[in-house]
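Structure below is final-v4.txt: compact mmCIF, C-alpha atoms.
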```txt
# COMPACT_ATOMS: atom_id res chain seq x y z
CA MET A 1 -47.38 -54.35 21.35
CA SER A 2 -48.97 -57.22 23.27
CA VAL A 3 -49.56 -60.84 22.43
CA ALA A 4 -53.01 -61.39 20.90
CA THR A 5 -54.70 -63.61 23.44
CA ALA A 6 -58.37 -63.57 24.36
CA SER A 7 -59.07 -61.79 27.64
CA PRO A 8 -62.10 -60.10 29.24
CA ASP A 9 -60.78 -56.81 27.89
CA ASP A 10 -60.18 -58.21 24.44
CA PRO A 11 -62.69 -60.98 23.71
CA HIS A 12 -61.87 -61.16 20.00
CA ALA A 13 -58.12 -61.17 20.58
CA VAL A 14 -57.49 -58.30 18.22
CA GLY A 15 -54.54 -57.29 20.37
CA HIS A 16 -55.19 -53.58 20.76
CA GLY A 17 -54.65 -53.75 24.51
CA PRO A 18 -57.25 -53.01 27.16
CA ARG A 19 -60.20 -50.92 26.06
CA THR A 20 -60.84 -47.59 27.67
CA GLU A 21 -64.58 -47.45 27.17
CA ALA A 22 -67.58 -49.79 27.05
CA HIS A 23 -66.86 -53.50 27.45
CA GLY A 24 -65.27 -54.52 24.20
CA GLY A 25 -67.33 -54.89 21.07
CA VAL A 26 -69.45 -51.95 19.99
CA ALA A 27 -68.73 -48.47 21.37
CA SER A 28 -71.37 -46.80 23.53
CA LYS A 29 -74.27 -45.04 21.89
CA ARG A 30 -72.99 -41.69 23.18
CA ILE A 31 -69.68 -42.14 21.34
CA ILE A 32 -71.41 -43.29 18.14
CA VAL A 33 -73.87 -40.37 18.21
CA GLY A 34 -71.06 -37.89 18.89
CA TYR A 35 -68.98 -39.33 16.05
CA GLY A 36 -71.90 -39.27 13.62
CA PHE A 37 -72.57 -35.64 14.42
CA TRP A 38 -68.86 -34.92 14.01
CA ILE A 39 -69.05 -36.31 10.46
CA PHE A 40 -71.94 -33.89 9.79
CA LEU A 41 -69.85 -31.01 11.14
CA VAL A 42 -66.94 -31.94 8.87
CA SER A 43 -69.32 -31.95 5.87
CA ASP A 44 -70.65 -28.57 7.02
CA ILE A 45 -67.09 -27.23 7.15
CA ILE A 46 -66.56 -28.50 3.59
CA MET A 47 -69.71 -26.61 2.52
CA PHE A 48 -68.31 -23.46 4.14
CA ALA A 49 -65.06 -24.13 2.26
CA ALA A 50 -67.01 -23.73 -1.00
CA PHE A 51 -68.39 -20.38 0.21
CA PHE A 52 -64.90 -19.29 1.34
CA ALA A 53 -63.45 -20.30 -2.04
CA THR A 54 -66.17 -18.31 -3.82
CA TYR A 55 -65.44 -15.29 -1.68
CA ALA A 56 -61.67 -15.61 -2.19
CA VAL A 57 -62.11 -15.75 -5.97
CA LEU A 58 -64.55 -12.81 -6.08
CA SER A 59 -63.12 -10.59 -3.32
CA GLY A 60 -61.51 -8.30 -5.88
CA ALA A 61 -64.54 -8.15 -8.21
CA THR A 62 -66.06 -4.95 -6.81
CA ALA A 63 -67.33 -3.67 -10.21
CA GLY A 64 -66.45 -0.11 -9.23
CA GLY A 65 -68.47 -0.41 -6.02
CA PRO A 66 -67.24 -0.29 -2.43
CA SER A 67 -64.52 -2.73 -1.36
CA GLY A 68 -64.14 -4.38 2.02
CA LYS A 69 -61.81 -1.62 3.11
CA ASP A 70 -64.55 0.98 2.54
CA LEU A 71 -67.26 -1.03 4.28
CA PHE A 72 -65.85 -2.96 7.23
CA ASP A 73 -65.87 -1.42 10.69
CA LEU A 74 -63.46 -3.49 12.78
CA GLN A 75 -64.97 -2.34 16.08
CA THR A 76 -68.26 -3.97 15.12
CA THR A 77 -66.38 -7.14 14.14
CA ALA A 78 -64.49 -7.09 17.45
CA VAL A 79 -67.75 -6.86 19.44
CA GLU A 80 -69.29 -9.68 17.37
CA THR A 81 -66.18 -11.82 17.94
CA GLY A 82 -66.30 -11.13 21.69
CA CYS A 83 -69.97 -12.14 21.85
CA LEU A 84 -69.42 -15.43 20.03
CA LEU A 85 -66.23 -16.30 21.95
CA LEU A 86 -67.89 -15.66 25.33
CA SER A 87 -70.93 -17.66 24.22
CA SER A 88 -68.60 -20.59 23.43
CA PHE A 89 -67.27 -20.32 26.99
CA THR A 90 -70.74 -20.20 28.59
CA CYS A 91 -71.69 -23.14 26.35
CA GLY A 92 -68.78 -25.04 27.92
CA MET A 93 -69.99 -24.06 31.40
CA ALA A 94 -73.47 -25.38 30.49
CA THR A 95 -71.84 -28.68 29.40
CA ILE A 96 -70.14 -29.00 32.78
CA ALA A 97 -73.40 -28.18 34.59
CA ALA A 98 -75.12 -30.91 32.56
CA HIS A 99 -72.43 -33.43 33.48
CA VAL A 100 -72.96 -32.81 37.19
CA ARG A 101 -76.76 -32.65 36.70
CA ARG A 102 -77.26 -29.10 37.96
CA GLN A 103 -80.50 -27.87 36.39
CA GLY A 104 -80.21 -24.27 37.68
CA TRP A 105 -76.64 -23.70 36.50
CA PHE A 106 -77.38 -25.38 33.18
CA GLN A 107 -80.39 -23.16 32.46
CA ALA A 108 -78.50 -20.02 33.56
CA MET A 109 -75.49 -20.78 31.36
CA MET A 110 -77.67 -21.71 28.38
CA ALA A 111 -79.61 -18.46 28.85
CA ALA A 112 -76.31 -16.51 28.89
CA THR A 113 -75.24 -18.34 25.74
CA PHE A 114 -78.54 -17.42 24.09
CA VAL A 115 -78.21 -13.73 25.02
CA LEU A 116 -74.65 -13.58 23.64
CA GLY A 117 -75.59 -15.46 20.46
CA ALA A 118 -78.66 -13.28 19.93
CA ALA A 119 -76.50 -10.16 20.43
CA PHE A 120 -74.12 -11.50 17.77
CA ILE A 121 -76.99 -12.01 15.30
CA ALA A 122 -78.51 -8.60 16.09
CA ILE A 123 -75.18 -6.81 15.46
CA GLU A 124 -74.58 -8.79 12.28
CA VAL A 125 -78.06 -8.06 10.87
CA HIS A 126 -77.63 -4.37 11.75
CA GLU A 127 -74.25 -4.31 10.00
CA LEU A 128 -75.53 -6.03 6.83
CA ALA A 129 -78.64 -3.83 6.78
CA GLY A 130 -76.30 -0.83 7.00
CA PHE A 131 -74.41 -2.10 3.92
CA VAL A 132 -77.69 -2.40 2.00
CA GLY A 133 -78.71 1.09 3.16
CA ARG A 134 -75.48 2.52 1.75
CA GLY A 135 -76.17 0.99 -1.65
CA ALA A 136 -73.82 -1.91 -1.02
CA GLY A 137 -76.34 -4.75 -1.07
CA PRO A 138 -75.65 -8.20 -2.52
CA ASP A 139 -76.82 -6.94 -5.95
CA ARG A 140 -74.08 -4.30 -6.20
CA SER A 141 -71.09 -6.47 -7.14
CA ALA A 142 -69.85 -10.05 -7.22
CA PHE A 143 -67.73 -9.25 -4.17
CA LEU A 144 -70.81 -8.21 -2.18
CA SER A 145 -72.82 -11.22 -3.42
CA ALA A 146 -70.09 -13.53 -2.13
CA LEU A 147 -69.79 -11.57 1.13
CA PHE A 148 -73.53 -11.69 1.87
CA ALA A 149 -73.65 -15.40 0.97
CA LEU A 150 -70.72 -16.28 3.26
CA VAL A 151 -71.61 -14.08 6.24
CA GLY A 152 -75.32 -14.82 5.80
CA CYS A 153 -74.70 -18.58 5.71
CA HIS A 154 -72.83 -18.38 9.01
CA GLY A 155 -75.58 -16.17 10.44
CA VAL A 156 -78.27 -18.67 9.43
CA HIS A 157 -76.25 -21.41 11.15
CA VAL A 158 -76.01 -19.36 14.36
CA THR A 159 -79.75 -18.63 14.21
CA ALA A 160 -80.50 -22.34 13.84
CA GLY A 161 -78.14 -23.00 16.75
CA LEU A 162 -80.07 -20.49 18.88
CA LEU A 163 -83.39 -22.23 18.12
CA TRP A 164 -81.77 -25.58 18.96
CA LEU A 165 -80.45 -24.03 22.20
CA LEU A 166 -83.97 -23.02 23.29
CA THR A 167 -85.18 -26.53 22.45
CA MET A 168 -82.47 -28.04 24.66
CA MET A 169 -83.38 -25.71 27.56
CA ALA A 170 -87.03 -26.76 27.27
CA GLN A 171 -86.19 -30.45 26.95
CA VAL A 172 -83.91 -30.45 29.99
CA TYR A 173 -86.57 -28.54 31.92
CA ALA A 174 -89.29 -30.99 30.95
CA LYS A 175 -87.37 -34.29 30.87
CA ASP A 176 -84.31 -33.65 33.06
CA PHE A 177 -80.85 -35.02 32.15
CA ARG A 178 -81.98 -38.26 30.54
CA ASP A 179 -79.40 -40.18 28.48
CA ASP A 180 -80.98 -39.21 25.15
CA ILE A 181 -81.21 -35.57 26.20
CA MET A 182 -77.53 -35.67 27.21
CA ARG A 183 -76.64 -36.93 23.71
CA ARG A 184 -78.58 -34.04 22.17
CA ILE A 185 -76.75 -31.58 24.44
CA LEU A 186 -73.45 -33.11 23.31
CA CYS A 187 -74.39 -32.61 19.64
CA TRP A 188 -75.54 -29.05 20.26
CA THR A 189 -72.31 -28.09 22.05
CA LEU A 190 -70.26 -29.58 19.18
CA PHE A 191 -72.35 -27.53 16.73
CA TRP A 192 -71.94 -24.30 18.71
CA HIS A 193 -68.15 -24.65 19.14
CA ALA A 194 -67.80 -25.50 15.42
CA LEU A 195 -69.66 -22.30 14.51
CA ASP A 196 -67.19 -20.32 16.61
CA ILE A 197 -64.27 -21.97 14.77
CA ILE A 198 -65.83 -21.01 11.42
CA TRP A 199 -66.24 -17.45 12.70
CA VAL A 200 -62.49 -17.35 13.49
CA ALA A 201 -61.78 -18.13 9.82
CA LEU A 202 -64.45 -15.65 8.75
CA PHE A 203 -63.36 -12.63 10.75
CA THR A 204 -59.72 -13.21 9.86
CA LEU A 205 -60.05 -13.89 6.13
CA VAL A 206 -62.95 -11.53 5.40
CA TYR A 207 -62.87 -8.68 7.89
CA LEU A 208 -59.24 -8.37 9.06
CA ILE A 209 -57.46 -9.19 5.79
CA GLY A 210 -60.21 -7.31 3.89
CA SER A 211 -59.52 -4.12 5.78
CA ALA A 212 -55.74 -4.60 5.82
CA ALA A 213 -55.41 -5.10 2.07
CA MET B 1 -59.36 -42.18 33.67
CA SER B 2 -59.43 -41.28 37.35
CA ASP B 3 -61.27 -43.42 39.86
CA GLU B 4 -62.16 -40.74 42.40
CA ALA B 5 -64.59 -38.97 40.05
CA PRO B 6 -68.33 -39.41 40.70
CA ALA B 7 -69.71 -42.22 38.55
CA PRO B 8 -71.56 -40.68 35.59
CA ALA B 9 -74.99 -42.02 34.70
CA ALA B 10 -74.29 -42.29 30.99
CA PRO B 11 -72.00 -45.09 29.85
CA GLY B 12 -68.89 -44.45 27.81
CA VAL B 13 -68.23 -40.85 28.75
CA GLY B 14 -64.95 -39.34 27.71
CA VAL B 15 -61.96 -38.61 29.91
CA GLU B 16 -62.78 -34.92 30.21
CA GLU B 17 -66.15 -35.67 31.78
CA GLN B 18 -64.67 -37.65 34.64
CA SER B 19 -62.42 -34.95 36.05
CA SER B 20 -63.70 -32.62 38.76
CA VAL B 21 -65.78 -29.53 38.00
CA GLY B 22 -62.92 -27.21 38.97
CA VAL B 23 -60.52 -28.86 36.53
CA GLN B 24 -63.10 -28.70 33.74
CA VAL B 25 -63.86 -25.01 34.39
CA LEU B 26 -60.12 -24.32 34.45
CA GLY B 27 -59.75 -26.01 31.04
CA TYR B 28 -62.41 -23.80 29.45
CA THR B 29 -60.99 -20.70 31.17
CA VAL B 30 -57.49 -21.38 29.86
CA GLY B 31 -58.96 -21.90 26.38
CA LEU B 32 -60.94 -18.66 26.62
CA ALA B 33 -57.89 -16.70 27.80
CA MET B 34 -55.71 -18.03 24.96
CA ALA B 35 -58.45 -17.35 22.38
CA VAL B 36 -58.93 -13.79 23.70
CA ILE B 37 -55.18 -13.12 23.52
CA LEU B 38 -54.92 -14.49 19.95
CA THR B 39 -58.00 -12.51 18.86
CA ALA B 40 -56.68 -9.32 20.46
CA VAL B 41 -53.30 -9.72 18.74
CA SER B 42 -55.10 -10.32 15.40
CA PHE B 43 -57.12 -7.12 15.72
CA TYR B 44 -54.06 -5.19 16.92
CA ILE B 45 -51.64 -6.11 14.14
CA VAL B 46 -54.07 -5.20 11.32
CA HIS B 47 -53.16 -1.52 11.49
CA SER B 48 -50.02 -1.84 13.56
CA PRO B 49 -46.78 -0.23 12.39
CA LEU B 50 -44.85 -3.00 14.16
CA ILE B 51 -45.29 -5.50 11.33
CA TRP B 52 -44.03 -5.25 7.77
CA THR B 53 -47.25 -4.43 5.90
CA PRO B 54 -47.11 -7.18 3.21
CA GLY B 55 -46.56 -9.74 5.98
CA ILE B 56 -49.75 -8.84 7.87
CA PRO B 57 -52.15 -11.22 6.01
CA MET B 58 -49.81 -14.17 6.56
CA GLY B 59 -49.47 -13.23 10.25
CA LEU B 60 -53.27 -13.07 10.55
CA VAL B 61 -53.64 -16.51 8.95
CA VAL B 62 -51.10 -17.99 11.38
CA LEU B 63 -52.93 -16.46 14.35
CA ALA B 64 -56.28 -17.77 13.07
CA ILE B 65 -54.91 -21.31 12.66
CA ALA B 66 -53.48 -21.12 16.19
CA GLN B 67 -56.85 -19.98 17.54
CA MET B 68 -58.70 -22.78 15.74
CA GLY B 69 -56.26 -25.20 17.38
CA VAL B 70 -57.01 -23.68 20.78
CA HIS B 71 -60.76 -24.08 20.15
CA LEU B 72 -60.35 -27.70 19.04
CA ILE B 73 -58.28 -28.68 22.07
CA PHE B 74 -59.90 -26.71 24.90
CA PHE B 75 -63.53 -26.49 23.71
CA LEU B 76 -63.98 -29.61 21.55
CA HIS B 77 -61.57 -31.70 23.68
CA LEU B 78 -59.63 -33.11 20.76
CA SER B 79 -56.51 -34.93 21.92
CA THR B 80 -53.87 -37.32 20.68
CA GLY B 81 -55.36 -40.11 22.78
CA PRO B 82 -56.87 -43.26 21.24
CA ASP B 83 -60.38 -41.98 22.05
CA SER B 84 -59.89 -39.12 19.59
CA ALA B 85 -58.24 -41.07 16.78
CA ASN B 86 -61.37 -41.43 14.62
CA THR B 87 -62.42 -37.84 15.27
CA VAL B 88 -59.01 -36.48 14.28
CA LEU B 89 -58.96 -38.64 11.14
CA ALA B 90 -62.40 -37.38 10.06
CA LEU B 91 -61.30 -33.80 10.67
CA ALA B 92 -58.06 -34.32 8.75
CA PHE B 93 -60.06 -35.63 5.78
CA GLY B 94 -62.34 -32.58 6.00
CA LEU B 95 -59.32 -30.29 6.02
CA LEU B 96 -57.89 -32.07 2.96
CA ILE B 97 -61.14 -31.47 1.04
CA THR B 98 -61.27 -27.87 2.31
CA PHE B 99 -57.73 -27.29 1.04
CA LEU B 100 -58.52 -28.87 -2.35
CA VAL B 101 -61.69 -26.79 -2.78
CA VAL B 102 -60.15 -23.45 -1.76
CA ALA B 103 -56.70 -23.82 -3.32
CA GLY B 104 -58.12 -25.50 -6.44
CA SER B 105 -60.70 -22.74 -6.98
CA LEU B 106 -58.11 -20.00 -6.56
CA PHE B 107 -55.64 -21.75 -8.86
CA ILE B 108 -58.15 -22.49 -11.62
CA MET B 109 -59.78 -19.05 -11.54
CA ALA B 110 -56.42 -17.25 -11.51
CA ASN B 111 -55.35 -19.36 -14.49
CA LEU B 112 -58.59 -18.53 -16.36
CA ASN B 113 -58.17 -14.83 -15.62
CA ALA B 114 -54.58 -14.90 -16.84
CA ASN B 115 -55.54 -16.60 -20.11
CA MET B 116 -58.67 -14.54 -20.74
CA PRO B 117 -58.25 -12.06 -23.62
CA PRO B 118 -59.00 -8.41 -22.76
CA MET B 119 -62.69 -7.50 -22.71
CA GLY B 120 -62.53 -5.42 -25.93
CA GLN B 121 -61.16 -8.40 -27.80
CA ILE B 122 -64.03 -10.64 -26.58
CA MET B 123 -66.56 -8.06 -27.77
CA ALA B 124 -64.85 -7.96 -31.16
CA MET B 125 -64.94 -11.77 -31.44
CA GLN B 126 -68.71 -11.82 -30.81
CA ARG B 127 -69.56 -9.53 -33.72
```

If you took the structure in this file and wrote it as structure tokens, what would it be?
Amino acid sequence: MSVATASPDDPHAVGHGPRTEAHGGVASKRIIVGYGFWIFLVSDIIMFAAFFATYAVLSGATAGGPSGKDLFDLQTTAVETGCLLLSSFTCGMATIAAHVRRQGWFQAMMAATFVLGAAFIAIEVHELAGFVGRGAGPDRSAFLSALFALVGCHGVHVTAGLLWLLTMMAQVYAKDFRDDIMRRILCWTLFWHALDIIWVALFTLVYLIGSAA
Amino acid sequence: MSDEAPAPAAPGVGVEEQSSVGVQVLGYTVGLAMAVILTAVSFYIVHSPLIWTPGIPMGLVVLAIAQMGVHLIFFLHLSTGPDSANTVLALAFGLLITFLVVAGSLFIMANLNANMPPMGQIMAMQR
């Protein structure tokens, strides 16, 4: 591409052209922190892959008990999906508010995200409790064990995300948009959007295909 | 990298953080609209007579992959730019492992099931 000569943009003459961030050498701490958290998210996705694989293998093993078609109510799933999708959007709005250092907008959007996420968890717990009440708890069949493990694992992640969300609201309130707080907000938004992506796989593979088959 | 954006306090912010608030809000809104449309189509075609019934699961999988792409681009700001190269590579590796775990489990378990003798025969062998 270009001749490898030392320049202010390229002090080690590695010839990758002008840099777009930092000043050569090591990337900024924000990029490193974001990348490190991304690696964690990828490993988390791989863990979910194991749960998805378990569910896929056991989805037919109902042991004479109810199948997904008997249990799933797609309206509930649609409301859950709407809650989580909207919360991803308000999470994005909170990110923008943080970038322009608007405390009021940030807190409002984070509060909206919390309400939507909490609504998601409440509906999910109600749904799973309903399964247990109808004698379709995780002890009924291998299919239900795998279902409760997969859906429950995602639910635990969302719950942890909600606690983290409250922590971020408190930290921004107490310490304002300091650089380290901004990095934590970045990690939290990555986490929240990743959970929404996992939910897309979950509602499609478990709920939609489960009630179509 | 636009110059007219207000200088951010943190060093090394990405491209998306330097555009104006309106442009950023628009990006998330477009992403939300596309995700809502894809989700609505997914929920519609489950019991729709429009689609050949055995083709519905494959259609749902395609819609889900499209929606994940929308989330990655509009919410997680993944791009083909050099800033995203490492991120995309890490994600691609994760997807490879995900594929190996899921497809490998299904393949191995289906093979075991196919080669397993009927239950009565197992009981007879254990006597």

* Asked: Near range 94-99 of chain B, within 6 Å and counting all atoms listed in the file, which residues show up once chain neighbours fewer than 4 positions away are dropped, as an MDAnalysis selection string?
  -> (chainID A and resid 42 46 49) or (chainID B and resid 103)

Within 6 Å of chain B: each chain A residue with its shortest pair, only C-alpha atoms, as a tab-separated table:
```
residue	atom	partner	partner_atom	distance
A:Glu21	CA	B:Gly12	CA	5.3
A:Ala22	CA	B:Gly12	CA	5.6
A:Ser28	CA	B:Gly12	CA	5.5
A:Val42	CA	B:Gly94	CA	5.5
A:Ile46	CA	B:Thr98	CA	5.5
A:Ala49	CA	B:Thr98	CA	5.3
A:Ala53	CA	B:Val102	CA	4.6
A:Val57	CA	B:Leu106	CA	5.9
A:Ile197	CA	B:Met68	CA	5.7
A:Ile209	CA	B:Pro57	CA	5.7
A:Ala212	CA	B:Val46	CA	5.8
```

* Asked: By how many Å are CA of Phe177 in chain A and CA of Gly92 in chain A apart?
  -> 16.2 Å

* **Exercise: Val172 in chain A partners within 9 Å, all atoms listed in the file, chain neighbours under 6 positions left out, as a list of chain:residue names** => A:Gln103, A:Phe106, A:Gln107, A:Arg178, A:Ile181, A:Met182

* Close residues, Ala142 in chain A itself excluded, 8 Å, only C-alpha atoms, min 5 positions apart in chain, as a PyMOL selection string -> chain A and resi 58-59+61-63

* Asked: Which value, in Å to one decimal, gives the distance between CA of Met169 in chain A and CA of Phe114 in chain A?
  ->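 Value for the CA of Met169 in chain A-CA of Phe114 in chain A distance: 10.2 Å.
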
* Between CA of Leu163 in chain A and CA of Ile185 in chain A, what is the distance, to one decimal in Å? -> 13.1 Å

* To do: Skip range 69-71 of chain A itself and residues of its chain fewer than 5 positions away, then list as JSON, numbers by chain all residues within 9 Å of it, counting all atoms listed in the file.
  => {"A": [131, 136, 207, 210, 211, 212, 213]}

For range 27-41 of chain B, what centre and edge lengths in Å (one decimal) does the axis-aligned box get once 8 Å is added on each side of all its listed atoms, as JSON?
```
{"center_x": -57.9, "center_y": -17.7, "center_z": 25.0, "size_x": 25.1, "size_y": 32.7, "size_z": 28.4}
```

* Go through B:Leu89, B:Met125, B:Met116, B:Ile73 one by one, measure the shortest atom-to-atom distance of each to Ile39 in chain A using all atoms listed in the file, and give the residue with the smallest value. =>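 The shortest atom-to-atom distance to Ile39 in chain A comes from B:Leu89.
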
* Asked: Taking (-67.6, -5.6, 11.9) in the file's coordinates, which residues come within 12 Å, counting all atoms listed in the file, written as an MDAnalysis selection string?
  -> (chainID A and resid 68:82 120:121 123:128 130:131 151 199 202:204 206:208 210:211) or (chainID B and resid 43)
